[in-house]
$ cat data_18.cif   # mmCIF, C-alpha atoms
data_query
#
loop_
_atom_site.group_PDB
_atom_site.id
_atom_site.type_symbol
_atom_site.label_atom_id
_atom_site.label_comp_id
_atom_site.auth_asym_id
_atom_site.auth_seq_id
_atom_site.Cartn_x
_atom_site.Cartn_y
_atom_site.Cartn_z
ATOM 1 C CA MET A 1 19.791 -31.412 8.787
ATOM 2 C CA SER A 2 19.670 -29.486 5.538
ATOM 3 C CA LYS A 3 17.187 -30.102 2.726
ATOM 4 C CA THR A 4 17.234 -29.789 -1.033
ATOM 5 C CA TYR A 5 15.780 -26.586 -2.432
ATOM 6 C CA ALA A 6 12.716 -28.512 -3.599
ATOM 7 C CA GLU A 7 12.215 -30.083 -0.167
ATOM 8 C CA ALA A 8 12.643 -26.717 1.553
ATOM 9 C CA LEU A 9 10.027 -25.068 -0.653
ATOM 10 C CA LYS A 10 7.597 -27.932 -0.118
ATOM 11 C CA TRP A 11 8.100 -27.703 3.652
ATOM 12 C CA ALA A 12 7.517 -23.955 3.606
ATOM 13 C CA SER A 13 4.490 -24.223 1.329
ATOM 14 C CA LEU A 14 2.769 -26.738 3.588
ATOM 15 C CA LEU A 15 3.465 -24.649 6.679
ATOM 16 C CA LEU A 16 2.356 -21.330 5.201
ATOM 17 C CA THR A 17 -0.716 -22.747 3.475
ATOM 18 C CA LYS A 18 -1.817 -24.227 6.784
ATOM 19 C CA ASP A 19 -1.581 -20.709 8.260
ATOM 20 C CA GLY A 20 -3.576 -19.241 5.380
ATOM 21 C CA ILE A 21 -0.550 -17.396 3.979
ATOM 22 C CA ASP A 22 0.447 -17.263 0.311
ATOM 23 C CA PRO A 23 3.494 -19.562 -0.061
ATOM 24 C CA ASP A 24 4.908 -17.494 -2.942
ATOM 25 C CA GLY A 25 6.706 -15.380 -0.347
ATOM 26 C CA ALA A 26 8.882 -18.358 0.590
ATOM 27 C CA ARG A 27 9.906 -18.829 -3.016
ATOM 28 C CA TYR A 28 10.748 -15.131 -3.282
ATOM 29 C CA VAL A 29 12.956 -15.012 -0.187
ATOM 30 C CA LEU A 30 14.714 -18.238 -1.146
ATOM 31 C CA MET A 31 15.464 -17.050 -4.678
ATOM 32 C CA THR A 32 16.575 -13.621 -3.491
ATOM 33 C CA ARG A 33 18.866 -14.970 -0.774
ATOM 34 C CA ALA A 34 20.395 -17.469 -3.209
ATOM 35 C CA ASP A 35 20.512 -14.930 -6.069
ATOM 36 C CA PHE A 36 18.674 -17.417 -8.283
ATOM 37 C CA THR A 37 16.634 -16.713 -11.373
ATOM 38 C CA PRO A 38 13.534 -18.917 -11.814
ATOM 39 C CA SER A 39 15.419 -21.105 -14.274
ATOM 40 C CA GLN A 40 18.364 -21.438 -11.883
ATOM 41 C CA LEU A 41 16.011 -22.518 -9.128
ATOM 42 C CA ILE A 42 14.695 -25.273 -11.397
ATOM 43 C CA LEU A 43 18.251 -26.270 -12.274
ATOM 44 C CA HIS A 44 19.291 -26.488 -8.608
ATOM 45 C CA ARG A 45 16.027 -27.776 -7.123
ATOM 46 C CA GLN A 46 17.532 -31.183 -6.211
ATOM 47 C CA ASP A 47 20.748 -29.695 -4.819
ATOM 48 C CA LEU A 48 21.261 -29.772 -1.066
ATOM 49 C CA MET A 49 21.025 -26.309 0.452
ATOM 50 C CA PRO A 50 24.083 -25.109 2.371
ATOM 51 C CA GLU A 51 23.356 -25.499 6.079
ATOM 52 C CA THR A 52 23.610 -21.764 6.764
ATOM 53 C CA ARG A 53 21.137 -21.030 3.970
ATOM 54 C CA TRP A 54 18.694 -23.631 5.282
ATOM 55 C CA GLN A 55 18.907 -22.108 8.758
ATOM 56 C CA GLN A 56 18.302 -18.656 7.311
ATOM 57 C CA PHE A 57 15.356 -19.933 5.284
ATOM 58 C CA GLN A 58 13.727 -21.385 8.383
ATOM 59 C CA GLN A 59 14.055 -18.009 10.109
ATOM 60 C CA ASP A 60 12.584 -16.264 7.064
ATOM 61 C CA VAL A 61 9.607 -18.616 6.986
ATOM 62 C CA GLU A 62 8.889 -17.898 10.649
ATOM 63 C CA ARG A 63 8.783 -14.199 9.792
ATOM 64 C CA LEU A 64 6.460 -14.934 6.882
ATOM 65 C CA ARG A 65 4.188 -16.773 9.306
ATOM 66 C CA GLN A 66 3.862 -13.492 11.206
ATOM 67 C CA PHE A 67 2.583 -11.918 7.950
ATOM 68 C CA GLU A 68 5.785 -9.925 7.423
ATOM 69 C CA PRO A 69 6.126 -9.158 3.702
ATOM 70 C CA ALA A 70 8.806 -11.134 1.921
ATOM 71 C CA GLN A 71 10.203 -7.936 0.404
ATOM 72 C CA TYR A 72 10.866 -6.439 3.831
ATOM 73 C CA ILE A 73 12.466 -9.672 5.016
ATOM 74 C CA VAL A 74 15.100 -9.625 2.257
ATOM 75 C CA GLY A 75 15.114 -5.821 1.945
ATOM 76 C CA VAL A 76 14.459 -5.532 -1.791
ATOM 77 C CA ALA A 77 11.520 -5.514 -4.185
ATOM 78 C CA PRO A 78 11.494 -5.735 -7.999
ATOM 79 C CA PHE A 79 10.106 -2.927 -10.128
ATOM 80 C CA PHE A 80 10.524 -2.481 -13.868
ATOM 81 C CA GLY A 81 13.534 -4.801 -14.035
ATOM 82 C CA GLU A 82 15.394 -3.251 -11.082
ATOM 83 C CA LEU A 83 15.640 -4.259 -7.456
ATOM 84 C CA PHE A 84 14.728 -1.433 -5.086
ATOM 85 C CA LYS A 85 15.738 -1.314 -1.452
ATOM 86 C CA VAL A 86 12.617 -1.306 0.722
ATOM 87 C CA THR A 87 12.099 -0.883 4.455
ATOM 88 C CA PRO A 88 8.937 -0.455 6.542
ATOM 89 C CA ALA A 89 9.373 3.301 5.933
ATOM 90 C CA VAL A 90 8.179 2.851 2.335
ATOM 91 C CA LEU A 91 5.441 1.031 0.501
ATOM 92 C CA ILE A 92 6.412 -2.088 -1.418
ATOM 93 C CA PRO A 93 6.249 -1.251 -5.157
ATOM 94 C CA ARG A 94 3.354 -3.035 -6.863
ATOM 95 C CA PHE A 95 3.343 -4.550 -10.319
ATOM 96 C CA GLU A 96 0.217 -2.522 -11.248
ATOM 97 C CA THR A 97 2.145 0.713 -10.745
ATOM 98 C CA GLU A 98 4.451 -0.295 -13.590
ATOM 99 C CA GLU A 99 1.497 0.382 -15.884
ATOM 100 C CA LEU A 100 1.271 3.951 -14.603
ATOM 101 C CA VAL A 101 5.001 4.467 -15.166
ATOM 102 C CA ALA A 102 4.769 3.012 -18.689
ATOM 103 C CA TRP A 103 1.941 5.456 -19.496
ATOM 104 C CA VAL A 104 4.002 8.432 -18.343
ATOM 105 C CA ALA A 105 7.162 7.267 -20.129
ATOM 106 C CA GLU A 106 5.238 6.771 -23.367
ATOM 107 C CA GLU A 107 3.759 10.278 -23.377
ATOM 108 C CA GLN A 108 6.453 12.455 -21.792
ATOM 109 C CA ARG A 109 9.428 11.882 -24.063
ATOM 110 C CA THR A 110 10.005 15.613 -24.556
ATOM 111 C CA ALA A 111 9.265 16.784 -21.006
ATOM 112 C CA GLN A 112 11.988 18.890 -19.408
ATOM 113 C CA THR A 113 10.850 18.632 -15.797
ATOM 114 C CA GLY A 114 8.942 15.986 -13.854
ATOM 115 C CA LEU A 115 7.866 15.430 -10.258
ATOM 116 C CA ASP A 116 7.268 12.151 -8.441
ATOM 117 C CA LEU A 117 5.135 13.316 -5.526
ATOM 118 C CA GLY A 118 5.190 10.959 -2.545
ATOM 119 C CA THR A 119 8.036 8.925 -3.981
ATOM 120 C CA GLY A 120 8.558 6.383 -1.179
ATOM 121 C CA SER A 121 11.289 4.024 -2.360
ATOM 122 C CA GLY A 122 11.748 6.095 -5.509
ATOM 123 C CA ALA A 123 10.453 3.310 -7.738
ATOM 124 C CA ILE A 124 8.334 5.603 -9.921
ATOM 125 C CA GLY A 125 10.663 8.603 -10.125
ATOM 126 C CA LEU A 126 13.920 6.699 -10.582
ATOM 127 C CA THR A 127 12.408 4.456 -13.258
ATOM 128 C CA LEU A 128 11.173 7.524 -15.125
ATOM 129 C CA ALA A 129 14.579 9.199 -14.746
ATOM 130 C CA ARG A 130 16.129 6.208 -16.511
ATOM 131 C CA LYS A 131 13.465 6.057 -19.208
ATOM 132 C CA LEU A 132 13.329 9.834 -19.771
ATOM 133 C CA PRO A 133 16.974 10.945 -19.644
ATOM 134 C CA GLN A 134 16.081 14.399 -21.018
ATOM 135 C CA THR A 135 13.848 15.071 -17.998
ATOM 136 C CA THR A 136 15.072 16.605 -14.748
ATOM 137 C CA MET A 137 13.191 14.554 -12.148
ATOM 138 C CA THR A 138 12.370 15.743 -8.639
ATOM 139 C CA LEU A 139 11.420 13.147 -6.037
ATOM 140 C CA SER A 140 9.566 14.345 -2.946
ATOM 141 C CA ASP A 141 8.029 12.775 0.132
ATOM 142 C CA VAL A 142 6.613 14.016 3.418
ATOM 143 C CA SER A 143 8.668 11.343 5.228
ATOM 144 C CA PRO A 144 12.415 11.979 5.601
ATOM 145 C CA GLU A 145 12.836 8.267 6.354
ATOM 146 C CA ALA A 146 11.201 7.347 3.047
ATOM 147 C CA LEU A 147 13.297 9.870 1.152
ATOM 148 C CA ALA A 148 16.447 8.392 2.702
ATOM 149 C CA VAL A 149 15.521 5.028 1.163
ATOM 150 C CA ALA A 150 14.919 6.670 -2.228
ATOM 151 C CA LYS A 151 18.337 8.337 -2.021
ATOM 152 C CA GLN A 152 19.986 4.966 -1.374
ATOM 153 C CA ASN A 153 18.234 3.524 -4.421
ATOM 154 C CA ALA A 154 19.306 6.473 -6.567
ATOM 155 C CA LYS A 155 22.919 6.033 -5.470
ATOM 156 C CA LYS A 156 22.888 2.298 -6.099
ATOM 157 C CA GLN A 157 21.311 2.714 -9.539
ATOM 158 C CA GLN A 158 23.510 5.731 -10.357
ATOM 159 C CA VAL A 159 20.522 7.885 -11.300
ATOM 160 C CA ALA A 160 20.791 11.656 -10.927
ATOM 161 C CA VAL A 161 17.614 13.250 -9.539
ATOM 162 C CA GLN A 162 16.635 15.999 -7.103
ATOM 163 C CA PHE A 163 15.148 15.299 -3.676
ATOM 164 C CA THR A 164 12.863 17.430 -1.512
ATOM 165 C CA VAL A 165 11.081 16.723 1.754
ATOM 166 C CA SER A 166 7.584 18.105 1.202
ATOM 167 C CA ASP A 167 4.016 17.620 2.393
ATOM 168 C CA LEU A 168 2.391 17.461 -1.037
ATOM 169 C CA PHE A 169 3.393 20.729 -2.768
ATOM 170 C CA ALA A 170 4.167 22.724 0.398
ATOM 171 C CA ALA A 171 7.958 22.884 -0.136
ATOM 172 C CA LEU A 172 7.841 22.718 -3.948
ATOM 173 C CA PRO A 173 7.660 26.241 -5.416
ATOM 174 C CA ALA A 174 8.511 25.133 -8.958
ATOM 175 C CA ARG A 175 6.236 24.202 -11.856
ATOM 176 C CA TYR A 176 6.672 20.915 -13.705
ATOM 177 C CA ASP A 177 5.835 19.607 -17.166
ATOM 178 C CA PHE A 178 4.332 16.555 -15.499
ATOM 179 C CA VAL A 179 3.522 15.302 -12.030
ATOM 180 C CA VAL A 180 3.070 11.613 -11.250
ATOM 181 C CA THR A 181 1.858 10.347 -7.913
ATOM 182 C CA ASN A 182 0.564 7.328 -6.021
ATOM 183 C CA LEU A 183 -1.194 9.086 -3.157
ATOM 184 C CA PRO A 184 -2.665 7.452 -0.031
ATOM 185 C CA TYR A 185 -6.177 6.397 -1.019
ATOM 186 C CA ILE A 186 -7.372 3.667 1.350
ATOM 187 C CA ALA A 187 -10.283 4.600 3.613
ATOM 188 C CA PRO A 188 -9.709 3.694 7.283
ATOM 189 C CA GLU A 189 -12.994 1.794 7.291
ATOM 190 C CA GLU A 190 -11.505 -0.673 4.787
ATOM 191 C CA THR A 191 -9.066 -2.127 7.326
ATOM 192 C CA PRO A 192 -11.218 -5.210 8.132
ATOM 193 C CA VAL A 193 -10.827 -6.505 4.569
ATOM 194 C CA MET A 194 -7.180 -5.570 4.056
ATOM 195 C CA ASP A 195 -4.310 -8.000 3.635
ATOM 196 C CA GLN A 196 -2.701 -8.570 7.031
ATOM 197 C CA SER A 197 0.853 -8.140 5.778
ATOM 198 C CA THR A 198 0.028 -4.706 4.385
ATOM 199 C CA LEU A 199 -1.959 -3.652 7.425
ATOM 200 C CA ARG A 200 0.634 -4.773 9.962
ATOM 201 C CA TYR A 201 3.858 -3.725 8.290
ATOM 202 C CA GLU A 202 3.514 -1.106 5.550
ATOM 203 C CA PRO A 203 3.544 2.597 6.507
ATOM 204 C CA LYS A 204 0.065 3.831 7.360
ATOM 205 C CA LEU A 205 1.047 7.366 6.338
ATOM 206 C CA ALA A 206 1.358 6.135 2.741
ATOM 207 C CA LEU A 207 -1.792 4.000 2.813
ATOM 208 C CA PHE A 208 -4.693 5.782 4.481
ATOM 209 C CA ALA A 209 -6.654 8.941 3.759
ATOM 210 C CA GLY A 210 -9.761 10.319 5.411
ATOM 211 C CA HIS A 211 -13.060 11.243 3.757
ATOM 212 C CA HIS A 212 -13.519 7.759 2.300
ATOM 213 C CA GLY A 213 -9.957 7.724 0.991
ATOM 214 C CA LEU A 214 -10.343 11.012 -0.906
ATOM 215 C CA ALA A 215 -8.845 13.557 1.511
ATOM 216 C CA VAL A 216 -5.344 13.640 0.020
ATOM 217 C CA PHE A 217 -6.721 13.743 -3.530
ATOM 218 C CA GLU A 218 -8.757 16.803 -2.523
ATOM 219 C CA GLN A 219 -5.632 18.574 -1.250
ATOM 220 C CA PHE A 220 -3.691 17.518 -4.334
ATOM 221 C CA VAL A 221 -6.139 18.843 -6.922
ATOM 222 C CA ALA A 222 -6.566 22.132 -5.038
ATOM 223 C CA ALA A 223 -2.867 22.920 -5.428
ATOM 224 C CA LEU A 224 -2.100 21.142 -8.705
ATOM 225 C CA PRO A 225 -2.731 23.945 -11.278
ATOM 226 C CA GLN A 226 -0.185 26.199 -9.550
ATOM 227 C CA HIS A 227 2.529 23.577 -9.976
ATOM 228 C CA LEU A 228 2.187 22.637 -13.654
ATOM 229 C CA THR A 229 3.605 24.442 -16.647
ATOM 230 C CA ALA A 230 1.297 25.522 -19.465
ATOM 231 C CA GLY A 231 -0.030 22.327 -21.024
ATOM 232 C CA GLY A 232 1.232 20.312 -18.060
ATOM 233 C CA VAL A 233 -0.055 16.858 -17.182
ATOM 234 C CA ALA A 234 -0.688 14.960 -13.944
ATOM 235 C CA TYR A 235 -0.891 11.175 -13.678
ATOM 236 C CA LEU A 236 -2.192 9.339 -10.632
ATOM 237 C CA GLU A 237 -3.108 5.929 -9.322
ATOM 238 C CA PHE A 238 -6.229 5.328 -7.234
ATOM 239 C CA GLY A 239 -8.374 2.590 -5.705
ATOM 240 C CA TYR A 240 -10.416 0.563 -8.154
ATOM 241 C CA ARG A 241 -13.719 1.727 -6.628
ATOM 242 C CA GLN A 242 -12.876 5.427 -6.631
ATOM 243 C CA GLU A 243 -13.415 6.418 -10.262
ATOM 244 C CA PRO A 244 -16.969 7.822 -9.782
ATOM 245 C CA ALA A 245 -15.931 9.953 -6.806
ATOM 246 C CA LEU A 246 -12.813 11.192 -8.596
ATOM 247 C CA ARG A 247 -14.778 12.085 -11.724
ATOM 248 C CA GLU A 248 -16.995 14.254 -9.564
ATOM 249 C CA LEU A 249 -14.017 15.791 -7.749
ATOM 250 C CA PHE A 250 -12.146 16.605 -10.955
ATOM 251 C CA ALA A 251 -15.232 18.071 -12.623
ATOM 252 C CA LYS A 252 -15.868 20.310 -9.637
ATOM 253 C CA GLN A 253 -12.333 21.394 -8.778
ATOM 254 C CA LEU A 254 -10.560 21.176 -12.165
ATOM 255 C CA PRO A 255 -13.181 21.916 -14.840
ATOM 256 C CA GLN A 256 -10.435 23.233 -17.117
ATOM 257 C CA ALA A 257 -8.643 19.857 -17.201
ATOM 258 C CA GLN A 258 -9.139 17.158 -19.794
ATOM 259 C CA VAL A 259 -9.522 13.948 -17.788
ATOM 260 C CA THR A 260 -8.661 10.456 -19.035
ATOM 261 C CA PHE A 261 -9.188 7.303 -16.984
ATOM 262 C CA ARG A 262 -7.388 4.068 -17.747
ATOM 263 C CA ARG A 263 -7.921 0.481 -16.591
ATOM 264 C CA ASP A 264 -5.170 -1.851 -15.463
ATOM 265 C CA MET A 265 -4.426 -5.321 -16.819
ATOM 266 C CA ALA A 266 -7.062 -6.775 -14.496
ATOM 267 C CA ASP A 267 -9.609 -4.436 -16.146
ATOM 268 C CA HIS A 268 -10.038 -2.312 -13.024
ATOM 269 C CA PRO A 269 -10.140 1.503 -13.323
ATOM 270 C CA ARG A 270 -6.892 2.424 -11.554
ATOM 271 C CA MET A 271 -5.201 5.377 -13.287
ATOM 272 C CA ALA A 272 -6.100 8.894 -14.382
ATOM 273 C CA LYS A 273 -4.489 11.650 -16.429
ATOM 274 C CA LEU A 274 -5.265 15.348 -16.014
ATOM 275 C CA GLN A 275 -4.233 17.420 -19.037
ATOM 276 C CA PHE A 276 -4.193 21.204 -18.701
#
$ encode --input "data_18.cif" --output "structure tokens"
Amino acid sequence: MSKTYAEALKWASLLLTKDGIDPDGARYVLMTRADFTPSQLILHRQDLMPETRWQQFQQDVERLRQFEPAQYIVGVAPFFGELFKVTPAVLIPRFETEELVAWVAEEQRTAQTGLDLGTGSGAIGLTLARKLPQTTMTLSDVSPEALAVAKQNAKKQQVAVQFTVSDLFAALPARYDFVVTNLPYIAPEETPVMDQSTLRYEPKLALFAGHHGLAVFEQFVAALPQHLTAGGVAYLEFGYRQEPALRELFAKQLPQAQVTFRRDMADHPRMAKLQF
């Protein structure tokens, strides 16, 4: 027997909370399946759910109970006002990364060329392509499967960009006015404290890096100067505990760069800019 939307959410919340799982995922899948805005959900909260939707919701909640991310269950994730297709081949875009994109968009209004290195779903690069229409954006990723998802998002959003399969800069001979990247930065030894949904379902290739999470940064900075134009800029996101190690790395490997660190809305150091 079907339930009202309010009853269904209460049922899911009790079940997920008992399992130690954030019940917000149930709200997200319900709203996405029903194509509801938050205000529409309030408006319809006492309406009886169609039987097929109630059956689907029960299946979705069972998947949530297995720690599967809500975004993978419904196949989309929001980022900067757009819905991006996501699969387990790509990381789920995080709200904090919007701050990195806003920083780039604010400062690169005259840039002619830009690179989103390790694009995943394309959330960073496609958002910047919309916000910086004068910029020719290239989106690259080492994973062909991830790049296929980014291409689907570009087609759906009708954004014209260039795509390249590349392990960091290996297949990218060009120079760019700016490079933006969200590299793998989680140390393997951090797995015991990681969120189970991330650990079980998101692509490990995009999450983990050796040498205490710094290995990919070390490769990146070694090649970076050869891939920026004169006066070029790189922007990157990193783990909130990594600022001291990155300061040391940048000072040693890129002494010619002017380095700026920035904190996120939670007041954690999470972003850096390298100006050449």
$ atom_distance --input "data_18.cif" --atom1 "CA of Ala222 (chain A)" --atom2 "CA of Leu254 (chain A)"
8.2 Å
$ residues_near_point --input "data_18.cif" --point "(0.5, 21.4, -11.0)" --cutoff "9 Å" --atoms "all atoms listed in the file" --output "ChimeraX atom specification"
/A:169,175-179,220-221,223-229,232-234
$ write_last_selection --input "data_18.cif" --atoms "C-alpha atoms" --output "short mmCIF file (atom, residue, chain, number, x, y, z; two decimals), in the coordinates of the input"
data_model
loop_
_atom_site.label_atom_id
_atom_site.label_comp_id
_atom_site.auth_asym_id
_atom_site.auth_seq_id
_atom_site.Cartn_x
_atom_site.Cartn_y
_atom_site.Cartn_z
CA PHE A 169 3.39 20.73 -2.77
CA ARG A 175 6.24 24.20 -11.86
CA TYR A 176 6.67 20.92 -13.70
CA ASP A 177 5.84 19.61 -17.17
CA PHE A 178 4.33 16.56 -15.50
CA VAL A 179 3.52 15.30 -12.03
CA PHE A 220 -3.69 17.52 -4.33
CA VAL A 221 -6.14 18.84 -6.92
CA ALA A 223 -2.87 22.92 -5.43
CA LEU A 224 -2.10 21.14 -8.70
CA PRO A 225 -2.73 23.94 -11.28
CA GLN A 226 -0.18 26.20 -9.55
CA HIS A 227 2.53 23.58 -9.98
CA LEU A 228 2.19 22.64 -13.65
CA THR A 229 3.60 24.44 -16.65
CA GLY A 232 1.23 20.31 -18.06
CA VAL A 233 -0.06 16.86 -17.18
CA ALA A 234 -0.69 14.96 -13.94
#
$ resolve_selection --input "data_18.cif" --expression "the PyMOL selection byres ((chain A and resi 270) around 9)" --output "VMD selection string"
chain A and resid 96 100 236 to 243 261 to 264 267 to 269 271 to 272
$ resolve_selection --input "data_18.cif" --expression "the PyMOL selection byres ((chain A and resi 32) around 10)" --output "MDAnalysis selection string"
chainID A and resid 26:31 33:37 70:71 74:77
$ closest_residue --input "data_18.cif" --among "A:Ala215, A:Val104, A:Leu64, A:Ala245" --to "Ile186 (chain A)" --atoms "all atoms listed in the file"
A:Ala215
$ decode --input "data_18.cif" --residues "region 73-93 of chain A" --atoms "N, CA and C atoms" --output "compact mmCIF listing (two decimals), in the first residue's frame"
# COMPACT_ATOMS: atom_id res chain seq x y z
N ILE A 73 22.49 6.45 -7.48
CA ILE A 73 21.21 5.75 -7.59
C ILE A 73 20.32 6.41 -8.64
N VAL A 74 20.25 7.74 -8.62
CA VAL A 74 19.39 8.44 -9.60
C VAL A 74 20.17 8.89 -10.83
N GLY A 75 21.51 8.80 -10.77
CA GLY A 75 22.33 9.07 -11.95
C GLY A 75 22.67 10.52 -12.22
N VAL A 76 22.34 11.41 -11.29
CA VAL A 76 22.66 12.83 -11.50
C VAL A 76 23.08 13.46 -10.17
N ALA A 77 23.86 14.53 -10.29
CA ALA A 77 24.30 15.29 -9.12
C ALA A 77 24.29 16.77 -9.48
N PRO A 78 23.86 17.63 -8.55
CA PRO A 78 23.83 19.07 -8.84
C PRO A 78 25.21 19.69 -8.70
N PHE A 79 25.47 20.69 -9.54
CA PHE A 79 26.71 21.46 -9.42
C PHE A 79 26.50 22.79 -10.12
N PHE A 80 26.62 23.85 -9.38
CA PHE A 80 26.50 25.21 -9.91
C PHE A 80 25.21 25.41 -10.71
N GLY A 81 24.10 24.88 -10.20
CA GLY A 81 22.81 25.11 -10.83
C GLY A 81 22.47 24.18 -11.97
N GLU A 82 23.37 23.23 -12.29
CA GLU A 82 23.11 22.25 -13.34
C GLU A 82 23.11 20.85 -12.75
N LEU A 83 22.40 19.95 -13.41
CA LEU A 83 22.46 18.55 -13.03
C LEU A 83 23.43 17.83 -13.96
N PHE A 84 24.42 17.18 -13.37
CA PHE A 84 25.42 16.45 -14.14
C PHE A 84 25.18 14.95 -14.02
N LYS A 85 25.23 14.27 -15.14
CA LYS A 85 25.19 12.81 -15.12
C LYS A 85 26.41 12.31 -14.37
N VAL A 86 26.19 11.35 -13.47
CA VAL A 86 27.30 10.73 -12.75
C VAL A 86 27.11 9.22 -12.75
N THR A 87 28.22 8.51 -12.83
CA THR A 87 28.25 7.06 -12.72
C THR A 87 29.43 6.71 -11.80
N PRO A 88 29.56 5.46 -11.40
CA PRO A 88 30.72 5.09 -10.58
C PRO A 88 32.06 5.27 -11.27
N ALA A 89 32.07 5.70 -12.53
CA ALA A 89 33.33 6.00 -13.22
C ALA A 89 33.87 7.38 -12.86
N VAL A 90 33.02 8.21 -12.21
CA VAL A 90 33.43 9.58 -11.89
C VAL A 90 33.11 9.90 -10.44
N LEU A 91 33.87 10.81 -9.88
CA LEU A 91 33.55 11.32 -8.56
C LEU A 91 32.25 12.10 -8.59
N ILE A 92 31.55 12.10 -7.48
CA ILE A 92 30.36 12.95 -7.33
C ILE A 92 30.82 14.38 -7.05
N PRO A 93 30.39 15.35 -7.85
CA PRO A 93 30.81 16.75 -7.60
C PRO A 93 30.41 17.20 -6.20
